[in-house]
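Beneath this line is the structure, given in structure tokens, with notes to follow.
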Amino acid sequence: MPRAPLLAVAVLLATLIVQSAGAVVKGDERVLVVLATSGPRPYTVADVEQTAAQAGNFFSAASFGQVQLRVDVTPWLAAFNGNPGCGGSTNRSLESVVAPARVAADQAGFDASRYDDVIYTIADSHCGFHGVTWGHEVMLTRQPNLQLVVHELGHAFGLGHAQASDCITAAGLCGLEETGDPFSPMGSGEVDFSAYEKVTLGWIRPQPHVTAAKRYVLATPTSASKLAQALIVDTAAGAWWIEFRSRPFRGLLFRFVDNSVVPSPFAQSAVLIRKLTKAKRPWLEQGESYRIPGSFRVTLTKATGGRAEVRLR
């Protein structure tokens, strides 16, 4: 699956991005995990295979069976004579870091060019970040876990970060936390991708842009449904994505996609608004309302199971 270059660096559990292209991702996704070392083997091949299986289950569930990871994990490969370093901020510098691991994998019978995505896990790299993604290649400097693998593959698929801000006013966002969305793996969460991200990846159909003040029925994007799984309200400043979640709470989430950001080939980030009411939690509960700046007042009138009734006025 050809992809345009991108660079995304995970600092601890957060990530700093130079953006690039998003794309529809469906079908079998072949992933190679290369375990490369100068000697240390801090975790086992079986540990990594277990994480890969968990990631496969996550993507299958999130995509409603439309994506199946096919993962191969190499044995530990003696690829380096010492600390391989961390590279710089360019694709070329990162390529030079993982080049010995790619050669070692090829000599072991794993041709990286035959895979859609390649994850190079470096056992003895001492860097200020946990993961970096460019193009369809990922470099990890710590043991792979579910959140880290899903996050970095999300970047390889072309997704940006799931950001967060306390509020938005006429003057703009009230600060910005780059990976502050706790309800998406592209932020700090592990539950599921947002409706915005699933539309970007082609896992759910395009969602309705609402222009009329009336009642709407909304299903959660965490389960397959023929109902709308998000409502999009377009404003002069950007698009608002309203999404219903039924677990671990029942409520509406509001995300803002700023249309003043300079366009890039990478999917634009959506910003979760964290303080919608005086309760200062990032969702509306039944009976509560939020006024989209310069647009509709949105009220969650009913929330039962996997669907909600929403009134715009």
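In the structure tokens, each chain is lettered A, B, ... as it comes, each chain's residues begin at 1, and ligands are numbered from 1 in order of appearance.
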> What's the 12 Å shell around Met139 in chain A, counting only C-alpha atoms, without same-chain residues fewer than 4 positions away, as an MDAnalysis selection string?
Replying inline: chainID A and resid 7:10 32:36 84:87 91 94:99 101:102 117:123 125 127 129:135 143:144 148:149 152:153 156
Go ahead and write the residues just picked, N, CA and C atoms, as a short mmCIF file (atom, residue, chain, number, x, y, z; two decimals), in the first residue's frame.
```cif
data_model
loop_
_atom_site.label_atom_id
_atom_site.label_comp_id
_atom_site.auth_asym_id
_atom_site.auth_seq_id
_atom_site.Cartn_x
_atom_site.Cartn_y
_atom_site.Cartn_z
N LEU A 7 6.35 12.14 9.01
CA LEU A 7 7.23 12.01 10.16
C LEU A 7 6.44 12.30 11.40
N ALA A 8 6.40 11.33 12.32
CA ALA A 8 5.71 11.55 13.59
C ALA A 8 6.55 10.96 14.69
N VAL A 9 6.85 11.75 15.71
CA VAL A 9 7.71 11.32 16.79
C VAL A 9 6.91 11.23 18.08
N ALA A 10 6.97 10.08 18.73
CA ALA A 10 6.29 9.90 20.02
C ALA A 10 7.25 10.22 21.14
N LEU A 32 5.61 -5.93 9.34
CA LEU A 32 6.81 -6.63 9.79
C LEU A 32 7.36 -5.91 11.02
N VAL A 33 7.60 -6.66 12.09
CA VAL A 33 8.24 -6.11 13.28
C VAL A 33 9.66 -6.67 13.34
N VAL A 34 10.64 -5.79 13.27
CA VAL A 34 12.05 -6.17 13.28
C VAL A 34 12.61 -5.89 14.66
N LEU A 35 13.07 -6.93 15.34
CA LEU A 35 13.69 -6.78 16.65
C LEU A 35 15.19 -6.69 16.46
N ALA A 36 15.76 -5.50 16.67
CA ALA A 36 17.18 -5.25 16.37
C ALA A 36 17.92 -4.84 17.63
N PRO A 84 22.63 2.71 18.45
CA PRO A 84 22.45 3.18 17.08
C PRO A 84 22.13 4.66 16.97
N GLY A 85 21.87 5.32 18.08
CA GLY A 85 21.52 6.73 18.03
C GLY A 85 20.04 6.93 17.79
N CYS A 86 19.65 8.20 17.68
CA CYS A 86 18.23 8.55 17.58
C CYS A 86 17.88 9.24 16.27
N GLY A 87 18.86 9.52 15.44
CA GLY A 87 18.57 10.23 14.21
C GLY A 87 18.24 11.68 14.47
N ASN A 91 13.66 12.49 7.35
CA ASN A 91 13.51 11.09 6.96
C ASN A 91 14.86 10.44 6.71
N LEU A 94 16.63 9.35 9.92
CA LEU A 94 15.98 8.20 10.53
C LEU A 94 16.24 6.93 9.73
N GLU A 95 16.23 7.08 8.41
CA GLU A 95 16.54 5.93 7.55
C GLU A 95 17.93 5.38 7.87
N SER A 96 18.88 6.29 8.14
CA SER A 96 20.25 5.83 8.41
C SER A 96 20.33 5.06 9.72
N VAL A 97 19.46 5.40 10.70
CA VAL A 97 19.47 4.69 11.97
C VAL A 97 18.99 3.25 11.79
N VAL A 98 17.90 3.05 11.05
CA VAL A 98 17.32 1.71 10.94
C VAL A 98 17.92 0.90 9.79
N ALA A 99 18.76 1.51 8.97
CA ALA A 99 19.33 0.79 7.82
C ALA A 99 20.01 -0.52 8.21
N ALA A 101 19.31 -2.45 10.68
CA ALA A 101 18.25 -3.39 11.06
C ALA A 101 17.55 -3.94 9.83
N ARG A 102 17.36 -3.10 8.82
CA ARG A 102 16.74 -3.55 7.58
C ARG A 102 17.63 -4.60 6.88
N ASP A 117 3.79 -2.00 6.17
CA ASP A 117 4.37 -1.20 7.26
C ASP A 117 5.47 -2.03 7.92
N VAL A 118 6.53 -1.34 8.35
CA VAL A 118 7.64 -2.01 9.04
C VAL A 118 7.90 -1.27 10.35
N ILE A 119 7.92 -2.02 11.45
CA ILE A 119 8.21 -1.46 12.77
C ILE A 119 9.58 -1.97 13.22
N TYR A 120 10.52 -1.05 13.37
CA TYR A 120 11.85 -1.40 13.85
C TYR A 120 11.89 -1.12 15.35
N THR A 121 12.04 -2.19 16.14
CA THR A 121 12.10 -2.07 17.59
C THR A 121 13.56 -2.18 18.01
N ILE A 122 14.12 -1.08 18.49
CA ILE A 122 15.54 -1.01 18.80
C ILE A 122 15.73 -1.20 20.31
N ALA A 123 16.43 -2.26 20.69
CA ALA A 123 16.51 -2.65 22.10
C ALA A 123 17.36 -1.70 22.92
N SER A 125 18.47 1.63 22.17
CA SER A 125 18.49 3.03 21.79
C SER A 125 18.04 3.88 22.97
N CYS A 127 16.79 7.31 23.69
CA CYS A 127 16.27 8.52 23.06
C CYS A 127 15.22 9.17 23.95
N PHE A 129 12.33 9.96 22.99
CA PHE A 129 11.01 9.63 22.46
C PHE A 129 10.84 8.12 22.48
N HIS A 130 9.60 7.69 22.41
CA HIS A 130 9.30 6.25 22.40
C HIS A 130 9.06 5.72 21.00
N GLY A 131 8.63 6.57 20.10
CA GLY A 131 8.36 6.09 18.75
C GLY A 131 8.41 7.22 17.74
N VAL A 132 8.80 6.89 16.53
CA VAL A 132 8.82 7.85 15.43
C VAL A 132 8.33 7.14 14.18
N THR A 133 7.49 7.80 13.41
CA THR A 133 6.94 7.21 12.19
C THR A 133 7.23 8.11 11.01
N TRP A 134 7.72 7.53 9.93
CA TRP A 134 7.89 8.26 8.68
C TRP A 134 7.53 7.32 7.54
N GLY A 135 6.67 7.82 6.63
CA GLY A 135 6.19 6.93 5.57
C GLY A 135 5.49 5.73 6.17
N GLN A 143 9.85 -1.14 24.61
CA GLN A 143 9.08 -2.35 24.32
C GLN A 143 7.72 -1.98 23.74
N PRO A 144 7.33 -2.62 22.65
CA PRO A 144 6.02 -2.33 22.07
C PRO A 144 4.90 -2.70 23.04
N LEU A 148 1.06 2.10 22.09
CA LEU A 148 2.14 2.63 21.26
C LEU A 148 2.07 2.10 19.84
N VAL A 149 1.81 0.81 19.68
CA VAL A 149 1.74 0.21 18.33
C VAL A 149 0.54 0.77 17.56
N GLU A 152 1.24 4.49 16.58
CA GLU A 152 2.19 4.68 15.48
C GLU A 152 1.66 4.13 14.16
N LEU A 153 0.95 3.02 14.19
CA LEU A 153 0.34 2.54 12.95
C LEU A 153 -0.74 3.52 12.47
N ALA A 156 1.08 5.86 10.51
CA ALA A 156 1.46 5.25 9.23
C ALA A 156 0.27 5.19 8.27
#
```
>> Among range 51-142 of chain A, which ones does DSSP assign to alpha helix (DSSP H) (computed from the backbone)? Answer as JSON, numbers by chain.
In response: {"A": [51, 52, 53, 54, 55, 56, 57, 58, 59, 60, 61, 62, 91, 92, 93, 94, 95, 96, 97, 98, 99, 100, 101, 102, 103, 104, 105, 106, 107]}
> Between A:Glu243, A:Asp166, A:Asp116, A:Asp192, which has the minimum distance to Ser63 in chain A (counting only C-alpha atoms)?
Replying inline: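 Closest candidate: A:Asp192.
From CA of Ala170 in chain A back to CA of Leu312 in chain A, the distance works out to 20.6 Å.
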> Using only C-alpha atoms, which of A:Gly180, A:Gly56, A:Pro100, A:Gly294 sits nearest Asp72 in chain A?
Replying inline: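 Closest to Asp72 in chain A, using only C-alpha atoms: A:Gly56.
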>> List the spatial neighbours of Val210 in chain A as a PyMOL selection string - criterion: any atom at most 8 Å away, only C-alpha atoms, same-chain residues fewer than 3 positions off excluded.
In response: chain A and resi 231-234
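Rounded to one decimal, CA of Pro40 in chain A and CA of Asn145 in chain A lie 18.4 Å from each other.
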> Looking at only C-alpha atoms, which of A:Pro182, A:Gly287, A:Pro208, A:Gly306 is the one that sits closest to Ser225 in chain A?
Replying inline: A:Gly306
>> Let me make sure I understand: among A:Gly238, A:Pro75, A:Gly88, A:Pro282, which one has the smallest atom-to-atom distance to Gly109 in chain A if we use only C-alpha atoms?
In response: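 Going through A:Gly238, A:Pro75, A:Gly88, A:Pro282 one by one, the smallest distance to Gly109 in chain A is for A:Pro75.
The nearest approach to Glu197 in chain A among the residues A:Thr211, A:Ser269, A:Thr220, A:Gln66, with only C-alpha atoms taken into account, belongs to A:Ser269.
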>> Considering only strand (DSSP E or B) as DSSP defines it on the backbone, what residues of range 35-235 of chain A qualify? List them as an NGL selection string.
In response: :A and (35-37 or 67-73 or 77-78 or 117-122 or 131-134 or 137-140 or 162-165 or 168-169 or 172-173 or 177 or 209 or 215-219 or 231-234)
Mind writing the picked residues with N, CA and C atoms as a compact mmCIF listing (two decimals), in the first residue's frame?
```
# COMPACT_ATOMS: atom_id res chain seq x y z
N LEU A 35 13.07 -6.93 15.34
CA LEU A 35 13.69 -6.78 16.65
C LEU A 35 15.19 -6.69 16.46
N ALA A 36 15.76 -5.50 16.67
CA ALA A 36 17.18 -5.25 16.37
C ALA A 36 17.92 -4.84 17.63
N THR A 37 19.14 -5.34 17.80
CA THR A 37 19.89 -5.11 19.03
C THR A 37 21.39 -5.17 18.77
N VAL A 67 -10.25 -4.15 8.35
CA VAL A 67 -8.80 -4.19 8.34
C VAL A 67 -8.33 -5.39 9.14
N GLN A 68 -7.44 -6.16 8.55
CA GLN A 68 -6.85 -7.31 9.23
C GLN A 68 -5.33 -7.18 9.19
N LEU A 69 -4.72 -7.03 10.36
CA LEU A 69 -3.26 -6.99 10.40
C LEU A 69 -2.69 -8.39 10.21
N ARG A 70 -1.72 -8.51 9.35
CA ARG A 70 -0.97 -9.76 9.15
C ARG A 70 0.46 -9.46 9.57
N VAL A 71 0.82 -9.87 10.78
CA VAL A 71 2.08 -9.44 11.38
C VAL A 71 3.08 -10.58 11.44
N ASP A 72 4.30 -10.31 10.99
CA ASP A 72 5.44 -11.20 11.18
C ASP A 72 6.43 -10.52 12.12
N VAL A 73 6.97 -11.28 13.07
CA VAL A 73 7.96 -10.76 14.01
C VAL A 73 9.25 -11.54 13.82
N LEU A 77 17.75 -9.77 16.20
CA LEU A 77 18.79 -9.71 15.19
C LEU A 77 19.94 -8.83 15.67
N ALA A 78 21.16 -9.34 15.55
CA ALA A 78 22.35 -8.57 15.94
C ALA A 78 22.65 -7.58 14.83
N ASP A 117 3.79 -2.00 6.17
CA ASP A 117 4.37 -1.20 7.26
C ASP A 117 5.47 -2.03 7.92
N VAL A 118 6.53 -1.34 8.35
CA VAL A 118 7.64 -2.01 9.04
C VAL A 118 7.90 -1.27 10.35
N ILE A 119 7.92 -2.02 11.45
CA ILE A 119 8.21 -1.46 12.77
C ILE A 119 9.58 -1.97 13.22
N TYR A 120 10.52 -1.05 13.37
CA TYR A 120 11.85 -1.40 13.85
C TYR A 120 11.89 -1.12 15.35
N THR A 121 12.04 -2.19 16.14
CA THR A 121 12.10 -2.07 17.59
C THR A 121 13.56 -2.18 18.01
N ILE A 122 14.12 -1.08 18.49
CA ILE A 122 15.54 -1.01 18.80
C ILE A 122 15.73 -1.20 20.31
N GLY A 131 8.63 6.57 20.10
CA GLY A 131 8.36 6.09 18.75
C GLY A 131 8.41 7.22 17.74
N VAL A 132 8.80 6.89 16.53
CA VAL A 132 8.82 7.85 15.43
C VAL A 132 8.33 7.14 14.18
N THR A 133 7.49 7.80 13.41
CA THR A 133 6.94 7.21 12.19
C THR A 133 7.23 8.11 11.01
N TRP A 134 7.72 7.53 9.93
CA TRP A 134 7.89 8.26 8.68
C TRP A 134 7.53 7.32 7.54
N GLU A 137 7.23 3.39 7.78
CA GLU A 137 8.21 2.83 8.70
C GLU A 137 8.08 3.47 10.08
N VAL A 138 8.28 2.63 11.09
CA VAL A 138 8.18 3.06 12.48
C VAL A 138 9.45 2.61 13.21
N MET A 139 9.96 3.49 14.04
CA MET A 139 11.09 3.12 14.92
C MET A 139 10.61 3.27 16.36
N LEU A 140 10.72 2.20 17.13
CA LEU A 140 10.36 2.22 18.55
C LEU A 140 11.63 2.09 19.38
N ALA A 162 -4.83 13.31 18.00
CA ALA A 162 -6.11 13.67 18.58
C ALA A 162 -5.82 14.67 19.69
N GLN A 163 -6.03 15.94 19.38
CA GLN A 163 -5.66 17.02 20.28
C GLN A 163 -6.79 17.36 21.25
N ALA A 164 -6.52 18.26 22.19
CA ALA A 164 -7.54 18.68 23.14
C ALA A 164 -7.27 20.11 23.57
N SER A 165 -8.36 20.80 23.90
CA SER A 165 -8.29 22.16 24.43
C SER A 165 -9.40 22.32 25.46
N ILE A 168 -13.10 26.94 23.55
CA ILE A 168 -12.87 27.75 22.37
C ILE A 168 -13.72 29.00 22.47
N THR A 169 -13.12 30.13 22.18
CA THR A 169 -13.80 31.41 22.24
C THR A 169 -13.62 32.14 20.93
N GLY A 172 -10.17 32.18 19.89
CA GLY A 172 -9.53 30.92 19.50
C GLY A 172 -9.54 29.91 20.61
N LEU A 173 -8.73 28.87 20.47
CA LEU A 173 -8.67 27.79 21.46
C LEU A 173 -8.03 28.26 22.75
N GLU A 177 -3.39 20.88 23.81
CA GLU A 177 -2.58 19.74 24.22
C GLU A 177 -2.49 18.78 23.04
N HIS A 209 -23.75 16.69 7.26
CA HIS A 209 -23.53 18.08 7.64
C HIS A 209 -24.91 18.67 7.93
N ARG A 215 -34.45 17.82 15.70
CA ARG A 215 -33.95 16.66 16.44
C ARG A 215 -33.26 15.67 15.50
N TYR A 216 -32.21 15.03 16.01
CA TYR A 216 -31.46 14.04 15.24
C TYR A 216 -31.25 12.81 16.11
N VAL A 217 -31.16 11.65 15.47
CA VAL A 217 -30.82 10.41 16.16
C VAL A 217 -29.39 10.05 15.80
N LEU A 218 -28.62 9.71 16.78
CA LEU A 218 -27.19 9.50 16.60
C LEU A 218 -26.78 8.18 17.24
N ALA A 219 -26.06 7.35 16.49
CA ALA A 219 -25.52 6.10 17.02
C ALA A 219 -24.04 6.30 17.36
N LEU A 231 -22.55 14.05 13.85
CA LEU A 231 -23.16 15.20 13.21
C LEU A 231 -22.08 16.23 12.99
N ILE A 232 -22.03 16.82 11.79
CA ILE A 232 -21.02 17.82 11.47
C ILE A 232 -21.71 19.17 11.32
N VAL A 233 -21.25 20.12 12.08
CA VAL A 233 -21.77 21.49 12.00
C VAL A 233 -20.66 22.38 11.45
N ASP A 234 -20.89 22.95 10.29
CA ASP A 234 -19.89 23.81 9.65
C ASP A 234 -20.07 25.25 10.11
```
> Looking at only C-alpha atoms, which of A:His161, A:Val298, A:Arg291, A:Trp76 is the one that sits closest to Val257 in chain A?
Replying inline: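 Residue with the minimum atom-to-atom distance to Val257 in chain A: A:His161.
Contact shell of Ser246 in chain A at 9 Å (only C-alpha atoms; same-chain neighbours under 3 positions omitted): Thr220, Thr222, Phe249, Arg250, Gly251, Leu252, Ala303, Thr304, Gly305, Gly306, Arg307 and Ala308 of chain A.
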Mind dumping the selected residues with N, CA and C atoms as a PDB file, in the first residue's frame?
```pdb
ATOM      1  N   THR A 220     -23.542   5.464  18.254  1.00  0.00           N
ATOM      2  CA  THR A 220     -22.131   5.549  18.606  1.00  0.00           C
ATOM      3  C   THR A 220     -21.258   5.014  17.467  1.00  0.00           C
ATOM      4  N   THR A 222     -18.563   3.432  17.818  1.00  0.00           N
ATOM      5  CA  THR A 222     -17.836   2.257  18.290  1.00  0.00           C
ATOM      6  C   THR A 222     -18.520   0.953  17.885  1.00  0.00           C
ATOM      7  N   PHE A 249     -19.033   6.129  29.584  1.00  0.00           N
ATOM      8  CA  PHE A 249     -20.050   7.090  30.008  1.00  0.00           C
ATOM      9  C   PHE A 249     -21.052   7.199  28.861  1.00  0.00           C
ATOM     10  N   ARG A 250     -22.193   7.816  29.123  1.00  0.00           N
ATOM     11  CA  ARG A 250     -23.153   8.113  28.066  1.00  0.00           C
ATOM     12  C   ARG A 250     -23.191   9.622  27.875  1.00  0.00           C
ATOM     13  N   GLY A 251     -22.695  10.067  26.747  1.00  0.00           N
ATOM     14  CA  GLY A 251     -22.657  11.503  26.541  1.00  0.00           C
ATOM     15  C   GLY A 251     -22.156  11.877  25.169  1.00  0.00           C
ATOM     16  N   LEU A 252     -22.221  13.169  24.878  1.00  0.00           N
ATOM     17  CA  LEU A 252     -21.771  13.710  23.604  1.00  0.00           C
ATOM     18  C   LEU A 252     -20.371  14.293  23.743  1.00  0.00           C
ATOM     19  N   ALA A 303     -30.438   9.490  25.990  1.00  0.00           N
ATOM     20  CA  ALA A 303     -29.294   8.610  25.779  1.00  0.00           C
ATOM     21  C   ALA A 303     -29.611   7.242  26.345  1.00  0.00           C
ATOM     22  N   THR A 304     -29.784   6.263  25.474  1.00  0.00           N
ATOM     23  CA  THR A 304     -30.087   4.899  25.904  1.00  0.00           C
ATOM     24  C   THR A 304     -29.282   3.932  25.067  1.00  0.00           C
ATOM     25  N   GLY A 305     -28.538   3.059  25.705  1.00  0.00           N
ATOM     26  CA  GLY A 305     -27.775   2.056  24.976  1.00  0.00           C
ATOM     27  C   GLY A 305     -26.807   2.699  24.006  1.00  0.00           C
ATOM     28  N   GLY A 306     -26.905   2.284  22.739  1.00  0.00           N
ATOM     29  CA  GLY A 306     -25.967   2.752  21.736  1.00  0.00           C
ATOM     30  C   GLY A 306     -26.461   3.885  20.877  1.00  0.00           C
ATOM     31  N   ARG A 307     -27.520   4.580  21.290  1.00  0.00           N
ATOM     32  CA  ARG A 307     -28.005   5.701  20.482  1.00  0.00           C
ATOM     33  C   ARG A 307     -28.458   6.855  21.353  1.00  0.00           C
ATOM     34  N   ALA A 308     -28.523   8.025  20.713  1.00  0.00           N
ATOM     35  CA  ALA A 308     -28.890   9.239  21.431  1.00  0.00           C
ATOM     36  C   ALA A 308     -29.834  10.065  20.573  1.00  0.00           C
TER      37      ALA A 308
END
```
